[in-house]
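Q: Input structure: model13.tsv, which contains TSV, C-alpha atoms and all ligand atoms.
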```tsv
chain	number	residue	atom	x	y	z
A	1	MET	CA	-6.07	72.80	-222.03
A	2	VAL	CA	-8.78	74.08	-219.67
A	3	ARG	CA	-10.78	76.98	-221.13
A	4	PRO	CA	-11.71	79.85	-218.83
A	5	ALA	CA	-15.01	79.24	-217.02
A	6	ASP	CA	-16.83	82.12	-218.73
A	7	SER	CA	-16.32	80.61	-222.22
A	8	LYS	CA	-17.71	77.20	-221.28
A	9	LEU	CA	-21.13	76.07	-222.45
A	10	ARG	CA	-23.78	76.17	-219.72
A	11	ALA	CA	-25.10	72.72	-218.87
A	12	ALA	CA	-28.18	71.57	-217.00
A	13	VAL	CA	-28.37	68.18	-215.32
A	14	LEU	CA	-31.98	67.00	-214.88
A	15	ALA	CA	-32.83	64.51	-212.12
A	16	ALA	CA	-29.43	65.50	-210.78
A	17	THR	CA	-29.99	63.90	-207.38
A	18	GLY	CA	-30.39	60.36	-208.79
A	19	MET	CA	-27.76	57.66	-209.40
A	20	VAL	CA	-27.04	58.82	-212.94
A	21	GLY	CA	-27.55	62.53	-212.16
A	22	GLN	CA	-24.89	62.43	-209.46
A	23	ARG	CA	-22.47	60.78	-211.89
A	24	TYR	CA	-23.03	63.62	-214.33
A	25	VAL	CA	-22.46	66.31	-211.76
A	26	SER	CA	-19.31	64.60	-210.55
A	27	MET	CA	-17.91	63.99	-214.06
A	28	LEU	CA	-18.72	67.57	-215.10
A	29	SER	CA	-16.83	69.12	-212.16
A	30	ASN	CA	-13.96	71.01	-213.84
A	31	HIS	CA	-14.97	69.91	-217.33
A	32	PRO	CA	-13.12	71.87	-220.04
A	33	PHE	CA	-16.22	72.46	-222.27
A	34	PHE	CA	-19.22	72.45	-219.90
A	35	LEU	CA	-20.15	74.20	-216.67
A	36	VAL	CA	-23.15	72.96	-214.67
A	37	THR	CA	-25.36	75.98	-214.04
A	38	VAL	CA	-28.74	74.27	-213.41
A	39	VAL	CA	-29.67	71.10	-211.54
A	40	THR	CA	-33.24	69.82	-211.36
A	41	GLY	CA	-35.09	67.32	-209.21
A	42	GLN	CA	-38.50	66.57	-207.81
A	43	SER	CA	-38.69	66.02	-204.03
A	44	SER	CA	-35.45	67.99	-203.56
A	45	VAL	CA	-36.65	71.16	-205.36
A	46	GLY	CA	-35.66	74.26	-203.36
A	47	ARG	CA	-32.83	72.56	-201.45
A	48	LYS	CA	-29.12	73.20	-202.03
A	49	TYR	CA	-27.68	70.45	-204.24
A	50	GLY	CA	-24.99	69.69	-201.62
A	51	GLN	CA	-27.68	69.07	-198.99
A	52	ALA	CA	-29.87	67.01	-201.30
A	53	THR	CA	-26.93	64.70	-202.11
A	54	ALA	CA	-25.21	64.76	-198.71
A	55	SER	CA	-24.81	60.96	-198.67
A	56	THR	CA	-23.04	60.71	-202.06
A	57	ASN	CA	-19.52	59.30	-202.13
A	58	LEU	CA	-18.75	61.00	-205.47
A	59	PRO	CA	-16.63	64.16	-205.64
A	60	ILE	CA	-18.83	67.21	-206.40
A	61	SER	CA	-17.48	70.73	-206.90
A	62	GLU	CA	-18.24	73.30	-204.18
A	63	GLU	CA	-19.76	75.56	-206.87
A	64	THR	CA	-22.32	72.89	-207.80
A	65	LYS	CA	-23.10	72.05	-204.15
A	66	ARG	CA	-24.26	75.65	-203.75
A	67	LEU	CA	-26.78	75.46	-206.64
A	68	THR	CA	-30.45	75.35	-205.65
A	69	VAL	CA	-32.33	72.38	-207.11
A	70	LYS	CA	-35.02	73.58	-209.52
A	71	ALA	CA	-38.12	72.01	-211.03
A	72	THR	CA	-37.77	70.80	-214.64
A	73	SER	CA	-39.32	73.27	-217.09
A	74	PRO	CA	-38.24	75.34	-220.11
A	75	ASP	CA	-38.25	78.40	-217.83
A	76	SER	CA	-35.81	76.95	-215.32
A	77	LEU	CA	-33.56	75.93	-218.23
A	78	ASP	CA	-33.49	79.33	-219.88
A	79	ASN	CA	-29.95	80.28	-221.01
A	80	VAL	CA	-28.70	76.71	-220.95
A	81	ASP	CA	-26.68	75.41	-223.95
A	82	VAL	CA	-27.01	71.67	-223.33
A	83	VAL	CA	-29.34	69.57	-221.19
A	84	PHE	CA	-28.27	66.19	-219.80
A	85	SER	CA	-31.43	64.24	-219.07
A	86	PRO	CA	-31.50	61.13	-216.87
A	87	LEU	CA	-35.19	61.77	-216.12
A	88	PRO	CA	-37.35	58.85	-214.97
A	89	THR	CA	-38.95	57.07	-217.94
A	90	GLU	CA	-42.53	58.33	-217.67
A	91	ILE	CA	-41.45	61.94	-217.16
A	92	ALA	CA	-38.90	61.80	-219.98
A	93	LYS	CA	-41.57	60.56	-222.38
A	94	THR	CA	-43.50	63.83	-222.26
A	95	GLN	CA	-40.98	66.37	-220.98
A	96	GLU	CA	-38.05	65.78	-223.32
A	97	PRO	CA	-39.97	66.57	-226.56
A	98	GLN	CA	-41.41	69.66	-224.84
A	99	LEU	CA	-37.91	70.85	-223.97
A	100	ALA	CA	-36.63	70.18	-227.50
A	101	ARG	CA	-39.62	72.03	-228.94
A	102	ALA	CA	-38.82	74.97	-226.67
A	103	GLY	CA	-35.34	75.20	-228.20
A	104	LEU	CA	-33.24	73.14	-225.79
A	105	ARG	CA	-30.55	70.70	-226.91
A	106	VAL	CA	-31.35	67.58	-224.91
A	107	ILE	CA	-29.28	64.41	-224.64
A	108	THR	CA	-31.15	61.70	-222.76
A	109	ASP	CA	-30.34	58.50	-220.89
A	110	ALA	CA	-34.00	57.60	-220.57
A	111	SER	CA	-35.59	54.95	-222.77
A	112	PRO	CA	-38.83	56.35	-224.31
A	113	HIS	CA	-37.34	58.01	-227.41
A	114	ARG	CA	-34.39	55.70	-228.12
A	115	MET	CA	-36.08	53.75	-230.91
A	116	ASP	CA	-37.76	56.80	-232.47
A	117	SER	CA	-36.56	56.85	-236.09
A	118	LEU	CA	-35.91	60.60	-235.83
A	119	VAL	CA	-33.76	60.36	-232.69
A	120	PRO	CA	-30.12	59.37	-233.08
A	121	LEU	CA	-29.12	56.68	-230.54
A	122	ILE	CA	-25.43	57.23	-230.01
A	123	VAL	CA	-22.35	55.55	-228.60
A	124	PRO	CA	-19.75	58.01	-229.86
A	125	GLU	CA	-17.18	55.38	-230.90
A	126	VAL	CA	-19.84	53.28	-232.65
A	127	ASN	CA	-22.07	55.54	-234.75
A	128	PRO	CA	-21.12	59.23	-234.64
A	129	ASP	CA	-22.37	59.47	-238.25
A	130	HIS	CA	-25.97	58.88	-237.02
A	131	LEU	CA	-25.99	62.47	-235.73
A	132	GLU	CA	-26.73	63.44	-239.33
A	133	ILE	CA	-30.42	62.52	-238.79
A	134	LEU	CA	-30.75	65.59	-236.55
A	135	GLU	CA	-31.29	67.65	-239.68
A	136	ARG	CA	-34.31	65.52	-240.61
A	137	GLN	CA	-35.49	65.62	-236.97
A	138	ARG	CA	-35.46	69.42	-237.05
A	139	ARG	CA	-37.43	69.58	-240.29
A	140	ALA	CA	-39.96	66.87	-239.40
A	141	ARG	CA	-40.63	67.85	-235.79
A	142	LYS	CA	-40.18	71.60	-236.27
A	143	TRP	CA	-38.24	71.71	-232.98
A	144	LYS	CA	-36.00	74.68	-232.32
A	145	GLY	CA	-33.82	72.43	-230.16
A	146	LEU	CA	-32.91	68.76	-230.59
A	147	LEU	CA	-33.09	65.35	-228.91
A	148	VAL	CA	-30.31	62.75	-228.94
A	149	ALA	CA	-30.40	59.50	-226.95
A	150	THR	CA	-27.87	57.30	-225.18
A	151	PRO	CA	-28.65	53.56	-225.18
A	152	ASN	CA	-29.64	51.28	-222.32
A	153	CYS	CA	-26.74	50.69	-219.92
A	154	THR	CA	-26.29	47.05	-220.99
A	155	ALA	CA	-26.72	47.78	-224.70
A	156	ALA	CA	-24.02	50.49	-224.62
A	157	GLY	CA	-21.14	48.17	-223.66
A	158	LEU	CA	-22.53	45.45	-225.91
A	159	ALA	CA	-22.72	47.69	-229.00
A	160	LEU	CA	-19.18	48.95	-228.42
A	161	VAL	CA	-17.79	45.41	-228.42
A	162	LEU	CA	-19.99	44.16	-231.28
A	163	LYS	CA	-19.02	47.07	-233.59
A	164	PRO	CA	-15.41	46.01	-234.42
A	165	ILE	CA	-16.38	42.32	-234.56
A	166	HIS	CA	-19.28	43.03	-236.94
A	167	ASP	CA	-17.09	45.24	-239.15
A	168	ALA	CA	-14.33	42.59	-239.35
A	169	LEU	CA	-16.18	39.26	-239.33
A	170	GLY	CA	-19.88	39.98	-239.93
A	171	LEU	CA	-22.24	38.96	-237.15
A	172	LYS	CA	-25.05	36.47	-237.76
A	173	ARG	CA	-26.35	35.85	-234.25
A	174	VAL	CA	-25.43	36.94	-230.72
A	175	VAL	CA	-26.70	35.34	-227.50
A	176	VAL	CA	-26.00	37.38	-224.38
A	177	SER	CA	-26.51	36.52	-220.74
A	178	THR	CA	-26.09	39.40	-218.28
A	179	LEU	CA	-25.23	39.84	-214.60
A	180	GLN	CA	-26.37	43.37	-213.80
A	181	ALA	CA	-25.46	45.54	-210.83
A	182	VAL	CA	-28.08	46.95	-208.44
A	183	SER	CA	-27.23	50.59	-209.28
A	184	GLY	CA	-28.78	49.90	-212.70
A	185	ALA	CA	-32.18	50.07	-210.97
A	186	GLY	CA	-31.53	53.58	-209.59
A	187	TYR	CA	-31.93	54.63	-205.95
A	188	PRO	CA	-33.23	53.01	-203.72
A	189	GLY	CA	-33.71	50.38	-206.43
A	190	VAL	CA	-34.14	46.69	-205.65
A	191	PRO	CA	-35.16	46.04	-201.99
A	192	SER	CA	-32.14	44.71	-200.07
A	193	LEU	CA	-34.02	41.63	-198.82
A	194	ASP	CA	-34.81	40.69	-202.44
A	195	ILE	CA	-31.22	40.89	-203.71
A	196	ILE	CA	-28.84	39.97	-200.84
A	197	ASP	CA	-27.98	36.26	-201.12
A	198	ASN	CA	-29.94	36.14	-204.36
A	199	VAL	CA	-29.99	36.44	-208.17
A	200	ILE	CA	-33.12	37.65	-209.96
A	201	PRO	CA	-33.41	36.37	-213.55
A	202	TYR	CA	-35.50	39.33	-214.69
A	203	VAL	CA	-35.13	43.09	-215.26
A	204	LYS	CA	-38.29	44.75	-216.56
A	205	GLU	CA	-38.19	45.39	-220.35
A	206	GLU	CA	-34.39	44.98	-220.38
A	207	GLU	CA	-34.18	42.04	-222.80
A	208	GLU	CA	-36.22	43.87	-225.45
A	209	LYS	CA	-33.85	46.87	-225.24
A	210	ILE	CA	-30.72	44.73	-225.51
A	211	GLU	CA	-32.17	42.88	-228.50
A	212	THR	CA	-33.09	46.00	-230.50
A	213	GLU	CA	-30.94	49.01	-229.56
A	214	PRO	CA	-27.56	47.63	-230.78
A	215	LEU	CA	-29.14	46.85	-234.18
A	216	LYS	CA	-30.17	50.49	-234.55
A	217	MET	CA	-26.70	51.71	-233.50
A	218	LEU	CA	-24.89	49.31	-235.83
A	219	GLY	CA	-27.23	50.17	-238.69
A	220	GLU	CA	-26.32	52.20	-241.77
A	221	VAL	CA	-27.36	55.81	-242.05
A	222	GLY	CA	-28.23	57.53	-245.33
A	223	ASN	CA	-30.60	60.34	-246.40
A	224	GLY	CA	-31.43	60.96	-242.74
A	225	ARG	CA	-32.64	57.38	-242.22
A	226	ILE	CA	-31.16	54.43	-240.35
A	227	ALA	CA	-31.39	50.89	-241.73
A	228	PRO	CA	-30.88	48.56	-238.73
A	229	ALA	CA	-28.14	45.93	-238.82
A	230	LYS	CA	-29.46	42.54	-239.93
A	231	PHE	CA	-28.05	40.08	-237.37
A	232	GLU	CA	-30.05	38.69	-234.41
A	233	ILE	CA	-29.54	39.20	-230.67
A	234	GLY	CA	-31.07	37.03	-227.94
A	235	ALA	CA	-30.76	38.28	-224.34
A	236	MET	CA	-31.19	36.69	-220.90
A	237	VAL	CA	-30.80	39.11	-218.01
A	238	HIS	CA	-30.07	38.69	-214.30
A	239	ARG	CA	-29.90	41.20	-211.46
A	240	VAL	CA	-27.06	40.34	-209.05
A	241	ALA	CA	-25.78	41.83	-205.80
A	242	THR	CA	-22.89	43.89	-207.23
A	243	THR	CA	-22.99	47.68	-206.84
A	244	ASP	CA	-21.70	48.94	-210.22
A	245	GLY	CA	-20.70	47.29	-213.49
A	246	HIS	CA	-22.72	45.00	-215.75
A	247	LEU	CA	-21.06	41.72	-216.76
A	248	GLU	CA	-22.20	40.18	-220.07
A	249	SER	CA	-21.35	36.70	-221.40
A	250	LEU	CA	-21.65	36.42	-225.16
A	251	TYR	CA	-21.95	33.58	-227.66
A	252	LEU	CA	-21.39	34.87	-231.21
A	253	GLU	CA	-21.95	33.35	-234.64
A	254	THR	CA	-20.05	35.07	-237.45
A	255	GLU	CA	-19.93	35.06	-241.25
A	256	ASP	CA	-16.12	34.65	-241.25
A	257	ARG	CA	-13.88	32.48	-239.09
A	258	PHE	CA	-13.82	33.43	-235.41
A	259	GLU	CA	-10.18	33.17	-234.33
A	260	PRO	CA	-9.80	34.21	-230.66
A	261	GLU	CA	-6.33	35.77	-231.07
A	262	LYS	CA	-7.45	37.76	-234.10
A	263	VAL	CA	-10.61	38.93	-232.30
A	264	ALA	CA	-8.50	40.02	-229.29
A	265	ARG	CA	-6.30	42.10	-231.64
A	266	ILE	CA	-9.33	43.62	-233.43
A	267	LEU	CA	-10.91	44.63	-230.12
A	268	SER	CA	-7.80	46.07	-228.48
A	269	LYS	CA	-6.85	48.07	-231.60
A	270	PHE	CA	-10.32	49.55	-232.00
A	271	ARG	CA	-10.47	53.36	-231.83
A	272	GLY	CA	-13.34	55.70	-232.69
A	273	GLU	CA	-13.84	59.36	-233.52
A	274	PRO	CA	-13.62	60.43	-229.83
A	275	GLN	CA	-10.12	58.95	-229.63
A	276	LYS	CA	-9.05	60.61	-232.92
A	277	LEU	CA	-10.39	63.95	-231.66
A	278	LYS	CA	-8.83	63.37	-228.22
A	279	LEU	CA	-12.07	64.34	-226.51
A	280	PRO	CA	-11.72	64.90	-222.75
A	281	THR	CA	-13.89	61.93	-221.72
A	282	ALA	CA	-12.55	59.56	-224.42
A	283	PRO	CA	-10.55	56.69	-222.93
A	284	LYS	CA	-7.32	55.92	-224.80
A	285	GLU	CA	-8.52	52.34	-225.28
A	286	PRO	CA	-12.34	52.10	-225.52
A	287	ILE	CA	-12.00	48.31	-225.28
A	288	ILE	CA	-9.37	46.76	-223.00
A	289	VAL	CA	-8.65	43.09	-223.57
A	290	THR	CA	-7.53	41.25	-220.46
A	291	ARG	CA	-5.76	37.89	-220.55
A	292	LEU	CA	-5.82	37.43	-216.79
A	293	GLU	CA	-7.52	34.28	-215.55
A	294	GLY	CA	-11.11	34.74	-214.39
A	295	ARG	CA	-11.40	38.35	-215.59
A	296	PRO	CA	-13.05	40.77	-216.11
A	297	GLN	CA	-14.66	41.12	-212.68
A	298	PRO	CA	-16.83	44.10	-211.59
A	299	LYS	CA	-14.93	44.70	-208.36
A	300	LEU	CA	-11.51	44.65	-210.02
A	301	ASP	CA	-12.05	46.03	-213.52
A	302	ARG	CA	-14.95	48.51	-213.65
A	303	TYR	CA	-12.64	51.54	-213.40
A	304	ALA	CA	-9.89	50.22	-215.74
A	305	GLY	CA	-8.31	52.55	-218.30
A	306	THR	CA	-7.37	56.19	-218.69
A	307	VAL	CA	-10.88	57.57	-218.01
A	308	PRO	CA	-12.28	55.47	-215.14
A	309	GLY	CA	-15.49	53.67	-216.09
A	310	MET	CA	-15.33	54.56	-219.79
A	311	SER	CA	-13.47	51.49	-221.09
A	312	VAL	CA	-15.24	48.20	-221.62
A	313	VAL	CA	-13.08	45.29	-220.43
A	314	VAL	CA	-13.22	42.06	-222.43
A	315	GLY	CA	-11.80	38.68	-221.41
A	316	ARG	CA	-12.19	34.92	-221.88
A	317	ILE	CA	-12.26	35.18	-225.68
A	318	ARG	CA	-12.52	31.62	-226.91
A	319	LYS	CA	-13.93	29.39	-229.63
A	320	GLY	CA	-17.54	28.30	-229.93
A	321	PHE	CA	-18.91	25.02	-231.27
A	322	ASP	CA	-17.43	25.50	-234.75
A	323	SER	CA	-14.90	27.70	-236.60
A	324	LYS	CA	-17.44	30.48	-237.16
A	325	SER	CA	-18.49	30.98	-233.56
A	326	GLY	CA	-16.92	32.24	-230.37
A	327	ARG	CA	-17.49	33.34	-226.78
A	328	LEU	CA	-16.35	36.20	-224.62
A	329	THR	CA	-17.16	38.06	-221.43
A	330	LEU	CA	-17.39	41.85	-221.19
A	331	LEU	CA	-17.71	44.29	-218.32
A	332	SER	CA	-19.12	47.79	-218.70
A	333	HIS	CA	-19.74	50.41	-215.98
A	334	ASN	CA	-23.49	51.05	-216.12
A	335	THR	CA	-23.73	54.62	-214.81
A	336	ILE	CA	-20.54	55.79	-216.62
A	337	ARG	CA	-20.13	54.00	-220.01
A	338	GLY	CA	-23.80	53.00	-219.84
A	339	ALA	CA	-25.15	56.49	-219.06
A	340	ALA	CA	-23.51	59.75	-217.86
A	341	GLY	CA	-19.99	59.15	-219.26
A	342	SER	CA	-21.20	58.07	-222.68
A	343	THR	CA	-23.63	60.99	-222.87
A	344	ILE	CA	-20.96	63.51	-221.88
A	345	LEU	CA	-18.72	62.03	-224.60
A	346	THR	CA	-21.58	62.47	-227.11
A	347	ALA	CA	-21.95	66.09	-225.98
A	348	GLU	CA	-18.20	66.65	-226.44
A	349	LEU	CA	-18.46	65.23	-229.95
A	350	MET	CA	-21.49	67.42	-230.73
A	351	TYR	CA	-19.64	70.44	-229.35
A	352	LYS	CA	-16.71	69.73	-231.70
A	353	LYS	CA	-19.13	69.31	-234.63
A	354	GLY	CA	-20.79	72.65	-233.84
A	355	LEU	CA	-24.12	71.01	-232.92
A	356	LEU	CA	-24.42	72.71	-229.53
A	357	SER	CA	-24.28	76.31	-230.64
B	1	LIG	N1	-28.95	53.59	-213.18
B	1	LIG	C1	-28.43	53.26	-214.35
B	1	LIG	O1	-27.45	52.48	-214.43
B	1	LIG	C2	-29.00	53.83	-215.62
B	1	LIG	C3	-28.30	53.59	-216.82
B	1	LIG	C4	-28.81	54.10	-218.02
B	1	LIG	C5	-29.98	54.83	-218.02
B	1	LIG	N2	-30.64	55.03	-216.84
B	1	LIG	C6	-31.87	55.86	-216.92
B	1	LIG	O2	-31.60	57.10	-216.29
B	1	LIG	C7	-32.77	57.61	-215.65
B	1	LIG	C8	-32.47	57.86	-214.18
B	1	LIG	O3	-32.02	56.68	-213.57
B	1	LIG	P1	-31.38	56.69	-212.12
B	1	LIG	O4	-30.80	55.33	-211.95
B	1	LIG	O5	-30.50	57.87	-211.94
B	1	LIG	O6	-32.70	56.85	-211.20
B	1	LIG	P2	-32.84	57.29	-209.67
B	1	LIG	O7	-31.58	57.04	-208.92
B	1	LIG	O8	-34.07	56.59	-209.20
B	1	LIG	O9	-33.09	58.86	-209.72
B	1	LIG	C9	-34.24	59.42	-210.21
B	1	LIG	C10	-34.22	60.91	-209.87
B	1	LIG	O10	-35.23	61.53	-210.67
B	1	LIG	C11	-35.59	62.71	-210.01
B	1	LIG	N3	-36.88	63.18	-210.54
B	1	LIG	C12	-38.09	62.60	-210.48
B	1	LIG	N4	-38.98	63.36	-211.14
B	1	LIG	C13	-38.31	64.43	-211.64
B	1	LIG	C14	-38.67	65.57	-212.39
B	1	LIG	N5	-39.92	65.78	-212.79
B	1	LIG	N6	-37.71	66.48	-212.73
B	1	LIG	C15	-36.44	66.28	-212.33
B	1	LIG	N7	-36.04	65.24	-211.61
B	1	LIG	C16	-36.97	64.32	-211.26
B	1	LIG	C17	-35.60	62.39	-208.53
B	1	LIG	O11	-35.23	63.57	-207.87
B	1	LIG	P3	-35.55	63.95	-206.33
B	1	LIG	O12	-34.47	63.28	-205.54
B	1	LIG	O13	-35.42	65.43	-206.26
B	1	LIG	O14	-36.94	63.47	-206.03
B	1	LIG	C18	-34.52	61.26	-208.44
B	1	LIG	O15	-33.34	61.69	-207.83
B	1	LIG	C19	-33.87	56.56	-215.90
B	1	LIG	O16	-34.62	56.94	-217.03
B	1	LIG	C20	-33.07	55.30	-216.16
B	1	LIG	O17	-33.79	54.38	-216.94
B	1	LIG	C21	-30.18	54.58	-215.64
```
As structure tokens - that is how I would like this structure written.
A:
Amino acid sequence: MVRPADSKLRAAVLAATGMVGQRYVSMLSNHPFFLVTVVTGQSSVGRKYGQATASTNLPISEETKRLTVKATSPDSLDNVDVVFSPLPTEIAKTQEPQLARAGLRVITDASPHRMDSLVPLIVPEVNPDHLEILERQRRARKWKGLLVATPNCTAAGLALVLKPIHDALGLKRVVVSTLQAVSGAGYPGVPSLDIIDNVIPYVKEEEEKIETEPLKMLGEVGNGRIAPAKFEIGAMVHRVATTDGHLESLYLETEDRFEPEKVARILSKFRGEPQKLKLPTAPKEPIIVTRLEGRPQPKLDRYAGTVPGMSVVVGRIRKGFDSKSGRLTLLSHNTIRGAAGSTILTAELMYKKGLLS
């Protein structure tokens, strides 16, 4: 049920004119818990949000289009209950702790604080229990606010698929090769003459993130500390000329037998806390298993499921070299499940747990 606008929490979207920022603003139009009251930017400061994003093809509410883009500072965020932060990396590094210190509750898509032992790195279906380290964060940092992070766009879909497999079979080693969309590089991103008719087998610092972030998310939490999961991940990344949706091909080695039919059942039955709580941005099936030939494909499957862009689609589940290994392909929408959508779902979970008030 939609709550009246005046009882919603006030939300700020930082870097709201960017690829991820626009996703936020669009997904938060008519949200039952949050109302966007502040948008920030850099070159667009002082302009109406609707003018600054005139070329977007995403639906944006008329109310938000009328907001004036502000600079990012604790003053401009006064009276805000939650801050969604897809700030550029270098700015996020210094600004996000300042905002948290000033009393703001910040959830970030940027990378600098993801591996900080005092910052929970959350995919809400994977590790909602890691939010418990916020108590230690508050005591250690003496922040009046808080900082929570969302993983790298490729690591988000990967962790979601690895979670039920690790719980059921125990992972020993994962090798992942990615085909990543151009929107993952932001706007204007990769020069068109570099990417049309081409594949670039490199994305700066991406492999390191894919190899470490899922281990933190799949780690065990206790006494405010996270012990990372013990298996190994090896990543090989490629930028390709698709617009949205990162495709990932996985080779997995497991402790127990890898039986493709059983793995398909485990993945399609997987549900997390967001599904149990029926959170507004929670897809009914976080992982959709497709048996169609040659799927998943970015063009056909990136918006599959009840909340477009929030389900990861898995196909081509098959055996590896021996009985304890297997292969599969997954597709995850990078600006939705890999950024804005996942972060909004985290905020919904935090709202339900009373962490935003
Ligand atoms: N793209 C993805 O798939 C993805 C996925 C996960 C995480 N991320 C992370 O999300 C962040 C944003 O990525 P993006 O793809 O949205 O980048 P983007 O399209 O290049 O947008 C960056 C935006 O940042 C704004 N900006 C720059 N300095 C600012 C400041 N001091 N205060 C407020 N806004 C400022 C700019 O606003 P003006 O237009 O006003 O100059 C610009 O619109 C990055 O940290 C990225 O690593 C991206």
Q: Around (-28.6, 60.2, -200.3), as given in the file, which residues come within 10 Å? Count all atoms listed in the file and list them as a VMD selection string.
A: chain A and resid 17 to 19 51 to 57 187 to 188
Q: Counting all atoms listed in the file, what are the residues, protein, DNA or RNA alike, that approach ligand LIG 1 (chain B) to within 7 Å? I want them as an MDAnalysis selection string.
A: chainID A and resid 14:21 40:45 71:72 86:89 91 109:111 152:153 183:189 334:335 338:339
Q: Do a neighbour search on stretch 125-139 of chain A at 10 Å with only C-alpha atoms, toss out local chain neighbours closer than 6 positions, and write the hits as a ChimeraX atom specification.
A: /A:100-101,117-119,145-148,156,159-164,214,216-226,270-276,282,286,342,345-346,349-350,353,355
Q: Record the distance separating atom CA of A:His166 and atom CA of A:Glu255, expressed in Å with one decimal.
A: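 Computing it gives 9.1 Å between the two atoms.
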Q: Considering all atoms listed in the file, return as a VMD selection string whatever protein or nucleic-acid residues lie within 12 Å of stretch 246-248 of chain A, sequence-local ones (same chain, fewer than 2 positions apart) excluded.
A: chain A and resid 152 to 159 161 174 to 185 210 235 to 244 250 to 251 295 to 299 301 to 302 309 312 to 316 327 to 338
Q: Write the residues you've just listed into a file as a short mmCIF file (atom, residue, chain, number, x, y, z; two decimals), in the coordinates of the input, and include C-alpha atoms for each of them.
A:
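The resulting file, part.cif, is reproduced below:
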```cif
data_model
loop_
_atom_site.label_atom_id
_atom_site.label_comp_id
_atom_site.auth_asym_id
_atom_site.auth_seq_id
_atom_site.Cartn_x
_atom_site.Cartn_y
_atom_site.Cartn_z
CA ASN A 152 -29.64 51.28 -222.32
CA CYS A 153 -26.74 50.69 -219.92
CA THR A 154 -26.29 47.05 -220.99
CA ALA A 155 -26.72 47.78 -224.70
CA ALA A 156 -24.02 50.49 -224.62
CA GLY A 157 -21.14 48.17 -223.66
CA LEU A 158 -22.53 45.45 -225.91
CA ALA A 159 -22.72 47.69 -229.00
CA VAL A 161 -17.79 45.41 -228.42
CA VAL A 174 -25.43 36.94 -230.72
CA VAL A 175 -26.70 35.34 -227.50
CA VAL A 176 -26.00 37.38 -224.38
CA SER A 177 -26.51 36.52 -220.74
CA THR A 178 -26.09 39.40 -218.28
CA LEU A 179 -25.23 39.84 -214.60
CA GLN A 180 -26.37 43.37 -213.80
CA ALA A 181 -25.46 45.54 -210.83
CA VAL A 182 -28.08 46.95 -208.44
CA SER A 183 -27.23 50.59 -209.28
CA GLY A 184 -28.78 49.90 -212.70
CA ALA A 185 -32.18 50.07 -210.97
CA ILE A 210 -30.72 44.73 -225.51
CA ALA A 235 -30.76 38.28 -224.34
CA MET A 236 -31.19 36.69 -220.90
CA VAL A 237 -30.80 39.11 -218.01
CA HIS A 238 -30.07 38.69 -214.30
CA ARG A 239 -29.90 41.20 -211.46
CA VAL A 240 -27.06 40.34 -209.05
CA ALA A 241 -25.78 41.83 -205.80
CA THR A 242 -22.89 43.89 -207.23
CA THR A 243 -22.99 47.68 -206.84
CA ASP A 244 -21.70 48.94 -210.22
CA LEU A 250 -21.65 36.42 -225.16
CA TYR A 251 -21.95 33.58 -227.66
CA ARG A 295 -11.40 38.35 -215.59
CA PRO A 296 -13.05 40.77 -216.11
CA GLN A 297 -14.66 41.12 -212.68
CA PRO A 298 -16.83 44.10 -211.59
CA LYS A 299 -14.93 44.70 -208.36
CA ASP A 301 -12.05 46.03 -213.52
CA ARG A 302 -14.95 48.51 -213.65
CA GLY A 309 -15.49 53.67 -216.09
CA VAL A 312 -15.24 48.20 -221.62
CA VAL A 313 -13.08 45.29 -220.43
CA VAL A 314 -13.22 42.06 -222.43
CA GLY A 315 -11.80 38.68 -221.41
CA ARG A 316 -12.19 34.92 -221.88
CA ARG A 327 -17.49 33.34 -226.78
CA LEU A 328 -16.35 36.20 -224.62
CA THR A 329 -17.16 38.06 -221.43
CA LEU A 330 -17.39 41.85 -221.19
CA LEU A 331 -17.71 44.29 -218.32
CA SER A 332 -19.12 47.79 -218.70
CA HIS A 333 -19.74 50.41 -215.98
CA ASN A 334 -23.49 51.05 -216.12
CA THR A 335 -23.73 54.62 -214.81
CA ILE A 336 -20.54 55.79 -216.62
CA ARG A 337 -20.13 54.00 -220.01
CA GLY A 338 -23.80 53.00 -219.84
#
```
Q: Given only C-alpha atoms as the basis, pick out the residue of A:Val307, A:Ala149, A:Arg10, A:Leu267 nearest to A:Asp78.
A: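 Looking only at the distances to A:Asp78, the closest residue turns out to be A:Arg10.
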Q: Counting all atoms listed in the file, which residue out of A:Ser268, A:Thr37, A:Ser311, A:Asn198 sits closest to A:Pro283?
A: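 So, comparing all the options, the nearest one is A:Ser311.
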Q: By how many Å are atom CA of A:Ala140 and atom CA of A:Thr94 apart?
A: 17.8 Å
Q: I'd like to know which of A:Gly354, A:Pro59, A:Gly294, A:Gly326 is closest to A:Leu171, using only C-alpha atoms.
A: A:Gly326
Q: Excluding A:Asp75 and its own-chain neighbours fewer than 6 positions away, which residues fall within 12 Å of it when counting all atoms listed in the file? Please give them as a ChimeraX atom specification.
A: /A:38,40,98-99,102-104
Q: Next, dump the selected residues to file, keeping only C-alpha atoms, as a PDB file, in the coordinates of the input.
A:
```pdb
ATOM      1  CA  VAL A  38     -28.740  74.270-213.410  1.00  0.00           C
ATOM      2  CA  THR A  40     -33.240  69.820-211.360  1.00  0.00           C
ATOM      3  CA  GLN A  98     -41.410  69.660-224.840  1.00  0.00           C
ATOM      4  CA  LEU A  99     -37.910  70.850-223.970  1.00  0.00           C
ATOM      5  CA  ALA A 102     -38.820  74.970-226.670  1.00  0.00           C
ATOM      6  CA  GLY A 103     -35.340  75.200-228.200  1.00  0.00           C
ATOM      7  CA  LEU A 104     -33.240  73.140-225.790  1.00  0.00           C
TER       8      LEU A 104
END
```
